[in-house]
>>> print(open('my_file29.txt').read())   # compact mmCIF, N, CA and C atoms
# COMPACT_ATOMS: atom_id res chain seq x y z
N MET A 1 142.69 32.35 47.17
CA MET A 1 144.10 32.46 47.52
C MET A 1 144.67 33.72 46.87
N SER A 2 145.43 34.48 47.62
CA SER A 2 145.97 35.73 47.09
C SER A 2 147.12 35.46 46.13
N LEU A 3 147.42 36.47 45.34
CA LEU A 3 148.49 36.36 44.36
C LEU A 3 149.83 36.09 45.05
N GLU A 4 150.06 36.69 46.21
CA GLU A 4 151.31 36.51 46.93
C GLU A 4 151.52 35.06 47.34
N CYS A 5 150.47 34.35 47.69
CA CYS A 5 150.58 32.97 48.12
C CYS A 5 150.82 32.02 46.96
N GLN A 6 150.53 32.46 45.75
CA GLN A 6 150.67 31.59 44.59
C GLN A 6 152.05 31.71 43.95
N HIS A 7 152.83 32.67 44.38
CA HIS A 7 154.16 32.89 43.80
C HIS A 7 155.21 32.96 44.89
N VAL A 8 156.44 32.72 44.50
CA VAL A 8 157.57 32.82 45.41
C VAL A 8 158.67 33.62 44.71
N ARG A 9 159.39 34.39 45.50
CA ARG A 9 160.50 35.20 44.96
C ARG A 9 161.81 34.55 45.41
N LEU A 10 162.66 34.28 44.43
CA LEU A 10 163.98 33.72 44.70
C LEU A 10 165.01 34.82 44.42
N LEU A 11 165.91 35.02 45.37
CA LEU A 11 166.91 36.08 45.26
C LEU A 11 168.30 35.47 45.22
N SER A 12 169.07 35.85 44.20
CA SER A 12 170.43 35.33 44.05
C SER A 12 171.41 36.16 44.88
N GLY A 13 172.60 35.63 45.01
CA GLY A 13 173.64 36.32 45.76
C GLY A 13 174.11 37.60 45.12
N ASP A 14 173.94 37.72 43.80
CA ASP A 14 174.37 38.94 43.12
C ASP A 14 173.22 39.88 42.80
N GLY A 15 172.11 39.72 43.52
CA GLY A 15 171.03 40.70 43.47
C GLY A 15 169.90 40.46 42.49
N PHE A 16 169.92 39.36 41.77
CA PHE A 16 168.82 39.09 40.84
C PHE A 16 167.62 38.54 41.59
N SER A 17 166.44 38.90 41.13
CA SER A 17 165.19 38.47 41.74
C SER A 17 164.36 37.76 40.67
N ILE A 18 163.92 36.55 41.00
CA ILE A 18 163.10 35.78 40.07
C ILE A 18 161.81 35.39 40.79
N ILE A 19 160.69 35.70 40.15
CA ILE A 19 159.38 35.33 40.71
C ILE A 19 158.84 34.19 39.88
N LEU A 20 158.47 33.11 40.56
CA LEU A 20 157.89 32.00 39.83
C LEU A 20 156.73 31.39 40.60
N ASP A 21 155.93 30.64 39.89
CA ASP A 21 154.77 29.98 40.45
C ASP A 21 155.21 29.05 41.58
N LYS A 22 154.49 29.07 42.69
CA LYS A 22 154.87 28.29 43.86
C LYS A 22 154.87 26.78 43.55
N LYS A 23 153.92 26.32 42.73
CA LYS A 23 153.87 24.90 42.37
C LYS A 23 155.11 24.50 41.59
N VAL A 24 155.61 25.40 40.78
CA VAL A 24 156.83 25.13 40.02
C VAL A 24 158.03 25.12 40.95
N ALA A 25 158.12 26.11 41.83
CA ALA A 25 159.24 26.19 42.77
C ALA A 25 159.32 24.96 43.66
N GLU A 26 158.17 24.40 43.99
CA GLU A 26 158.13 23.23 44.88
C GLU A 26 158.55 21.94 44.19
N GLN A 27 158.99 22.02 42.93
CA GLN A 27 159.62 20.87 42.29
C GLN A 27 160.97 20.59 42.94
N SER A 28 161.50 21.61 43.63
CA SER A 28 162.72 21.47 44.42
C SER A 28 162.33 21.08 45.84
N ALA A 29 162.87 19.96 46.33
CA ALA A 29 162.55 19.50 47.68
C ALA A 29 163.01 20.52 48.74
N THR A 30 164.14 21.15 48.51
CA THR A 30 164.64 22.14 49.47
C THR A 30 163.70 23.33 49.56
N ILE A 31 163.28 23.85 48.42
CA ILE A 31 162.35 24.99 48.41
C ILE A 31 161.01 24.57 49.00
N ARG A 32 160.53 23.38 48.65
CA ARG A 32 159.26 22.89 49.18
C ARG A 32 159.30 22.85 50.72
N ASN A 33 160.40 22.36 51.29
CA ASN A 33 160.53 22.31 52.74
C ASN A 33 160.60 23.69 53.37
N MET A 34 161.27 24.63 52.69
CA MET A 34 161.36 25.99 53.21
C MET A 34 160.00 26.69 53.21
N LEU A 35 159.15 26.34 52.27
CA LEU A 35 157.83 26.99 52.14
C LEU A 35 156.72 26.24 52.88
N ASP A 36 157.05 25.14 53.51
CA ASP A 36 156.05 24.32 54.19
C ASP A 36 155.53 25.03 55.44
N MET A 37 154.23 25.35 55.43
CA MET A 37 153.61 26.05 56.56
C MET A 37 153.19 25.08 57.68
N THR A 38 153.30 23.79 57.44
CA THR A 38 152.79 22.81 58.41
C THR A 38 153.90 22.05 59.12
N ARG A 39 155.12 22.52 59.03
CA ARG A 39 156.23 21.82 59.68
C ARG A 39 156.03 21.79 61.19
N SER A 40 156.37 20.67 61.79
CA SER A 40 156.30 20.55 63.24
C SER A 40 157.62 20.02 63.77
N VAL A 41 157.87 20.24 65.05
CA VAL A 41 159.10 19.80 65.69
C VAL A 41 158.85 18.43 66.31
N ASN A 42 159.68 17.46 65.95
CA ASN A 42 159.58 16.11 66.50
C ASN A 42 158.16 15.56 66.46
N HIS A 43 157.47 15.78 65.38
CA HIS A 43 156.11 15.29 65.15
C HIS A 43 155.10 15.84 66.16
N ASP A 44 155.43 16.94 66.80
CA ASP A 44 154.52 17.60 67.73
C ASP A 44 153.82 18.73 66.99
N PRO A 45 152.52 18.58 66.67
CA PRO A 45 151.83 19.61 65.89
C PRO A 45 151.72 20.95 66.61
N GLN A 46 151.92 20.99 67.90
CA GLN A 46 151.84 22.24 68.64
C GLN A 46 153.13 23.06 68.53
N ALA A 47 154.24 22.39 68.26
CA ALA A 47 155.53 23.06 68.16
C ALA A 47 155.84 23.37 66.70
N SER A 48 155.86 24.63 66.36
CA SER A 48 156.07 25.05 64.98
C SER A 48 157.55 25.24 64.69
N ALA A 49 157.95 24.81 63.50
CA ALA A 49 159.34 24.97 63.07
C ALA A 49 159.38 25.60 61.68
N MET A 50 158.47 26.53 61.43
CA MET A 50 158.41 27.15 60.11
C MET A 50 159.64 27.99 59.84
N PHE A 51 160.06 27.96 58.59
CA PHE A 51 161.10 28.87 58.15
C PHE A 51 160.47 30.23 57.91
N THR A 52 161.24 31.28 58.06
CA THR A 52 160.76 32.63 57.77
C THR A 52 160.30 32.72 56.32
N GLU A 53 160.95 31.97 55.44
CA GLU A 53 160.60 31.96 54.03
C GLU A 53 159.14 31.52 53.80
N ALA A 54 158.63 30.68 54.67
CA ALA A 54 157.24 30.23 54.55
C ALA A 54 156.26 31.37 54.79
N LEU A 55 156.67 32.34 55.58
CA LEU A 55 155.80 33.48 55.88
C LEU A 55 155.92 34.58 54.83
N THR A 56 157.12 34.74 54.27
CA THR A 56 157.36 35.85 53.34
C THR A 56 157.28 35.44 51.87
N ASN A 57 157.33 34.14 51.60
CA ASN A 57 157.40 33.64 50.21
C ASN A 57 158.59 34.24 49.46
N GLU A 58 159.67 34.45 50.17
CA GLU A 58 160.89 35.01 49.59
C GLU A 58 162.07 34.20 50.13
N ILE A 59 162.88 33.70 49.21
CA ILE A 59 164.03 32.87 49.61
C ILE A 59 165.30 33.45 49.03
N ARG A 60 166.28 33.64 49.90
CA ARG A 60 167.58 34.18 49.47
C ARG A 60 168.58 33.04 49.33
N PHE A 61 169.31 33.07 48.23
CA PHE A 61 170.37 32.10 47.98
C PHE A 61 171.66 32.88 47.78
N PRO A 62 172.34 33.26 48.86
CA PRO A 62 173.52 34.12 48.76
C PRO A 62 174.70 33.50 48.02
N ASP A 63 174.74 32.17 47.92
CA ASP A 63 175.86 31.51 47.26
C ASP A 63 175.57 31.10 45.81
N ILE A 64 174.39 31.47 45.30
CA ILE A 64 174.03 31.11 43.94
C ILE A 64 173.94 32.37 43.08
N LYS A 65 174.67 32.38 41.98
CA LYS A 65 174.66 33.53 41.06
C LYS A 65 173.33 33.59 40.31
N GLY A 66 172.99 34.78 39.84
CA GLY A 66 171.74 35.01 39.13
C GLY A 66 171.58 34.14 37.89
N LYS A 67 172.64 34.00 37.09
CA LYS A 67 172.52 33.21 35.86
C LYS A 67 172.31 31.73 36.17
N ILE A 68 172.85 31.27 37.29
CA ILE A 68 172.66 29.87 37.71
C ILE A 68 171.25 29.68 38.24
N LEU A 69 170.79 30.63 39.06
CA LEU A 69 169.44 30.55 39.61
C LEU A 69 168.40 30.62 38.49
N GLU A 70 168.67 31.43 37.48
CA GLU A 70 167.76 31.52 36.35
C GLU A 70 167.67 30.18 35.62
N LYS A 71 168.79 29.52 35.42
CA LYS A 71 168.79 28.22 34.74
C LYS A 71 168.10 27.16 35.61
N ILE A 72 168.28 27.23 36.91
CA ILE A 72 167.58 26.32 37.83
C ILE A 72 166.07 26.53 37.70
N CYS A 73 165.63 27.78 37.64
CA CYS A 73 164.20 28.06 37.49
C CYS A 73 163.67 27.55 36.16
N GLN A 74 164.47 27.68 35.11
CA GLN A 74 164.07 27.12 33.82
C GLN A 74 163.91 25.61 33.93
N TYR A 75 164.82 24.98 34.66
CA TYR A 75 164.71 23.53 34.85
C TYR A 75 163.47 23.16 35.67
N LEU A 76 163.16 23.96 36.69
CA LEU A 76 161.98 23.67 37.50
C LEU A 76 160.71 23.73 36.66
N TYR A 77 160.63 24.71 35.76
CA TYR A 77 159.50 24.78 34.83
C TYR A 77 159.50 23.57 33.90
N TYR A 78 160.67 23.19 33.41
CA TYR A 78 160.82 22.02 32.54
C TYR A 78 160.34 20.76 33.28
N LYS A 79 160.80 20.59 34.51
CA LYS A 79 160.42 19.42 35.31
C LYS A 79 158.92 19.41 35.57
N TYR A 80 158.36 20.57 35.89
CA TYR A 80 156.92 20.68 36.14
C TYR A 80 156.14 20.32 34.88
N ARG A 81 156.60 20.79 33.76
CA ARG A 81 155.91 20.57 32.48
C ARG A 81 155.95 19.12 32.04
N TYR A 82 157.09 18.46 32.23
CA TYR A 82 157.27 17.11 31.69
C TYR A 82 157.25 16.00 32.74
N SER A 83 156.85 16.30 33.96
CA SER A 83 156.84 15.27 35.01
C SER A 83 155.61 14.37 34.96
N ASN A 84 154.66 14.66 34.08
CA ASN A 84 153.46 13.85 33.95
C ASN A 84 153.82 12.51 33.30
N GLU A 85 153.81 11.44 34.10
CA GLU A 85 154.22 10.13 33.60
C GLU A 85 153.24 9.55 32.59
N GLU A 86 152.01 9.98 32.64
CA GLU A 86 150.99 9.44 31.74
C GLU A 86 151.10 10.00 30.32
N SER A 87 151.85 11.05 30.17
CA SER A 87 151.96 11.70 28.87
C SER A 87 152.80 10.85 27.92
N ASN A 88 152.33 10.74 26.70
CA ASN A 88 153.09 10.04 25.66
C ASN A 88 153.93 11.01 24.85
N GLU A 89 153.94 12.25 25.29
CA GLU A 89 154.67 13.30 24.59
C GLU A 89 156.18 13.08 24.70
N ARG A 90 156.87 13.32 23.61
CA ARG A 90 158.34 13.20 23.61
C ARG A 90 158.93 14.33 24.44
N VAL A 91 159.80 13.97 25.37
CA VAL A 91 160.40 14.96 26.25
C VAL A 91 161.71 15.45 25.63
N PRO A 92 161.80 16.74 25.34
CA PRO A 92 163.05 17.26 24.77
C PRO A 92 164.15 17.30 25.83
N GLU A 93 165.38 17.33 25.37
CA GLU A 93 166.51 17.44 26.30
C GLU A 93 166.52 18.83 26.91
N PHE A 94 166.96 18.90 28.16
CA PHE A 94 167.13 20.19 28.81
C PHE A 94 168.54 20.66 28.49
N GLU A 95 168.65 21.78 27.82
CA GLU A 95 169.95 22.25 27.36
C GLU A 95 170.51 23.36 28.25
N PHE A 96 171.84 23.35 28.39
CA PHE A 96 172.55 24.39 29.14
C PHE A 96 173.98 24.45 28.64
N ASP A 97 174.62 25.58 28.89
CA ASP A 97 176.01 25.78 28.48
C ASP A 97 176.94 24.98 29.38
N LEU A 98 177.94 24.35 28.77
CA LEU A 98 178.89 23.55 29.54
C LEU A 98 179.70 24.39 30.52
N GLU A 99 179.87 25.68 30.22
CA GLU A 99 180.67 26.55 31.10
C GLU A 99 180.06 26.67 32.49
N ILE A 100 178.76 26.50 32.60
CA ILE A 100 178.11 26.66 33.91
C ILE A 100 177.78 25.31 34.55
N SER A 101 178.22 24.21 33.94
CA SER A 101 177.79 22.89 34.39
C SER A 101 178.17 22.59 35.85
N LEU A 102 179.37 22.96 36.29
CA LEU A 102 179.77 22.67 37.66
C LEU A 102 178.93 23.47 38.66
N GLU A 103 178.80 24.77 38.42
CA GLU A 103 177.98 25.61 39.32
C GLU A 103 176.52 25.15 39.32
N LEU A 104 176.04 24.77 38.15
CA LEU A 104 174.66 24.31 38.02
C LEU A 104 174.45 23.00 38.78
N LEU A 105 175.40 22.10 38.67
CA LEU A 105 175.33 20.82 39.38
C LEU A 105 175.33 21.04 40.89
N MET A 106 176.19 21.92 41.37
CA MET A 106 176.25 22.18 42.82
C MET A 106 174.95 22.81 43.32
N ALA A 107 174.40 23.76 42.57
CA ALA A 107 173.14 24.40 42.97
C ALA A 107 171.98 23.41 42.92
N ALA A 108 171.93 22.60 41.87
CA ALA A 108 170.86 21.59 41.73
C ALA A 108 170.94 20.57 42.85
N ASP A 109 172.15 20.21 43.25
CA ASP A 109 172.32 19.26 44.36
C ASP A 109 171.81 19.88 45.67
N TYR A 110 172.18 21.13 45.92
CA TYR A 110 171.73 21.81 47.13
C TYR A 110 170.20 21.94 47.16
N LEU A 111 169.62 22.28 46.00
CA LEU A 111 168.17 22.49 45.92
C LEU A 111 167.39 21.18 45.74
N ASP A 112 168.10 20.10 45.58
CA ASP A 112 167.48 18.78 45.43
C ASP A 112 166.41 18.79 44.34
N CYS A 113 166.86 19.14 43.14
CA CYS A 113 165.93 19.17 42.02
C CYS A 113 166.48 18.47 40.80
>>> encode(input="my_file29.txt", output="structure tokens")
Amino acid sequence: MSLECQHVRLLSGDGFSIILDKKVAEQSATIRNMLDMTRSVNHDPQASAMFTEALTNEIRFPDIKGKILEKICQYLYYKYRYSNEESNERVPEFEFDLEISLELLMAADYLDC
């Protein structure tokens, strides 16, 4: 598998670009659906409904600021790291500034993460 297929680029509305591991990015259901190469229309495998993002591995979020997208990516790594239910490891709290809590909540809701 090529390096391009293993990573995804997320672009914020204010021009920031974040590259992260595709497995980490797919902790978000919205991103996972956008990158799904096997989507079909009405369960018809012949009819493709792929997003352009699935071909380019690049997703633009024009309504999300760079600092919010960065914190979302930090959370996706956190979720990926600590989602192993079999682990007996103590899970630390995910910390963020209260000033960004509303924007962060709205972005997390949209990204379903």
>>> closest_residue(input="my_file29.txt", among="A:Leu35, A:Leu76, A:Leu20, A:Leu10", to="Met50 (chain A)", atoms="only N, CA and C atoms")
A:Leu35
>>> atom_distance(input="my_file29.txt", atom1="atom C of Ala54 (chain A)", atom2="atom C of Leu111 (chain A)")
17.6 Å
>>> residues_around(input="my_file29.txt", residues="region 4-8 of chain A", least_positions_apart="6", cutoff="5 Å", atoms="all atoms listed in the file", output="MDAnalysis selection string")
chainID A and resid 19:22 57
>>> select_by_dssp(input="my_file29.txt", residues="chain A", states="alpha helix (DSSP H)", output="MDAnalysis selection string")
chainID A and resid 3:6 22:25 29:34 52:56 66:82 101:111
>>> select_by_dssp(input="my_file29.txt", residues="chain A", states="strand (DSSP E or B)", output="ChimeraX atom specification")
/A:7-12,17-21,40-41,44-48,58-61
>>> closest_residue(input="my_file29.txt", among="A:Ala107, A:Leu11, A:Leu98, A:Ala25", to="Ile59 (chain A)", atoms="only C-alpha atoms")
A:Leu11
>>> atom_distance(input="my_file29.txt", atom1="atom C of Gly66 (chain A)", atom2="atom C of Ile100 (chain A)")
11.3 Å
>>> residues_near_point(input="my_file29.txt", point="(177.7, 32.0, 44.7)", cutoff="8 Å", atoms="all atoms listed in the file", output="number ranges by chain")
A: 12-14, 61-66
>>> atom_distance(input="my_file29.txt", atom1="atom C of Lys67 (chain A)", atom2="atom N of Glu89 (chain A)")
28.9 Å
>>> axis_aligned_box(input="my_file29.txt", around="region 102-107 of chain A", padding_each_side="6 Å", output="AutoDock Vina command-line options")
--center_x 175.9 --center_y 23.2 --center_z 39.8 --size_x 19.8 --size_y 16.8 --size_z 19.0
>>> build_atoms(input="my_file29.txt", residues="region 53-64 of chain A", atoms="all heavy atoms", output="short mmCIF file (atom, residue, chain, number, x, y, z; two decimals), in the frame of the given file")
data_model
loop_
_atom_site.label_atom_id
_atom_site.label_comp_id
_atom_site.auth_asym_id
_atom_site.auth_seq_id
_atom_site.Cartn_x
_atom_site.Cartn_y
_atom_site.Cartn_z
N GLU A 53 160.95 31.97 55.44
CA GLU A 53 160.60 31.96 54.03
C GLU A 53 159.14 31.52 53.80
O GLU A 53 158.50 31.97 52.86
CB GLU A 53 161.53 31.03 53.25
CG GLU A 53 162.94 31.53 53.14
CD GLU A 53 163.83 31.20 54.35
OE1 GLU A 53 163.32 30.67 55.36
OE2 GLU A 53 165.03 31.48 54.28
N ALA A 54 158.63 30.68 54.67
CA ALA A 54 157.24 30.23 54.55
C ALA A 54 156.26 31.37 54.79
O ALA A 54 155.16 31.39 54.24
CB ALA A 54 156.96 29.08 55.52
N LEU A 55 156.67 32.34 55.58
CA LEU A 55 155.80 33.48 55.88
C LEU A 55 155.92 34.58 54.83
O LEU A 55 154.95 35.27 54.54
CB LEU A 55 156.14 34.04 57.26
CG LEU A 55 155.99 33.07 58.43
CD1 LEU A 55 156.51 33.70 59.71
CD2 LEU A 55 154.55 32.63 58.58
N THR A 56 157.12 34.74 54.27
CA THR A 56 157.36 35.85 53.34
C THR A 56 157.28 35.44 51.87
O THR A 56 157.21 36.31 51.00
CB THR A 56 158.75 36.46 53.58
OG1 THR A 56 159.75 35.46 53.31
CG2 THR A 56 158.90 36.97 55.01
N ASN A 57 157.33 34.14 51.60
CA ASN A 57 157.40 33.64 50.21
C ASN A 57 158.59 34.24 49.46
O ASN A 57 158.51 34.51 48.27
CB ASN A 57 156.10 33.90 49.44
CG ASN A 57 155.03 32.90 49.82
OD1 ASN A 57 155.33 31.78 50.20
ND2 ASN A 57 153.79 33.32 49.74
N GLU A 58 159.67 34.45 50.17
CA GLU A 58 160.89 35.01 49.59
C GLU A 58 162.07 34.20 50.13
O GLU A 58 162.20 34.03 51.33
CB GLU A 58 161.03 36.48 49.98
CG GLU A 58 162.20 37.16 49.34
CD GLU A 58 162.20 38.65 49.63
OE1 GLU A 58 161.37 39.36 49.03
OE2 GLU A 58 163.02 39.08 50.45
N ILE A 59 162.88 33.70 49.21
CA ILE A 59 164.03 32.87 49.61
C ILE A 59 165.30 33.45 49.03
O ILE A 59 165.39 33.70 47.83
CB ILE A 59 163.86 31.41 49.13
CG1 ILE A 59 162.54 30.83 49.63
CG2 ILE A 59 165.03 30.55 49.59
CD1 ILE A 59 162.22 29.45 49.08
N ARG A 60 166.28 33.64 49.90
CA ARG A 60 167.58 34.18 49.47
C ARG A 60 168.58 33.04 49.33
O ARG A 60 168.67 32.17 50.19
CB ARG A 60 168.11 35.17 50.51
CG ARG A 60 167.25 36.39 50.63
CD ARG A 60 167.82 37.38 51.66
NE ARG A 60 166.92 38.47 51.86
CZ ARG A 60 166.81 39.53 51.07
NH1 ARG A 60 167.59 39.62 50.01
NH2 ARG A 60 165.95 40.49 51.32
N PHE A 61 169.31 33.07 48.23
CA PHE A 61 170.37 32.10 47.98
C PHE A 61 171.66 32.88 47.78
O PHE A 61 172.07 33.16 46.64
CB PHE A 61 170.05 31.25 46.75
CG PHE A 61 168.83 30.40 46.92
CD1 PHE A 61 167.64 30.74 46.27
CD2 PHE A 61 168.85 29.29 47.74
CE1 PHE A 61 166.52 29.95 46.43
CE2 PHE A 61 167.72 28.50 47.90
CZ PHE A 61 166.55 28.83 47.25
N PRO A 62 172.34 33.26 48.86
CA PRO A 62 173.52 34.12 48.76
C PRO A 62 174.70 33.50 48.02
O PRO A 62 175.56 34.21 47.51
CB PRO A 62 173.89 34.41 50.22
CG PRO A 62 173.22 33.35 51.01
CD PRO A 62 172.02 32.91 50.24
N ASP A 63 174.74 32.17 47.92
CA ASP A 63 175.86 31.51 47.26
C ASP A 63 175.57 31.10 45.81
O ASP A 63 176.40 30.45 45.18
CB ASP A 63 176.27 30.27 48.05
CG ASP A 63 176.79 30.63 49.44
OD1 ASP A 63 177.36 31.73 49.58
OD2 ASP A 63 176.63 29.83 50.37
N ILE A 64 174.39 31.47 45.30
CA ILE A 64 174.03 31.11 43.94
C ILE A 64 173.94 32.37 43.08
O ILE A 64 173.23 33.31 43.43
CB ILE A 64 172.69 30.34 43.90
CG1 ILE A 64 172.80 29.05 44.73
CG2 ILE A 64 172.31 30.01 42.45
CD1 ILE A 64 171.51 28.26 44.82
#
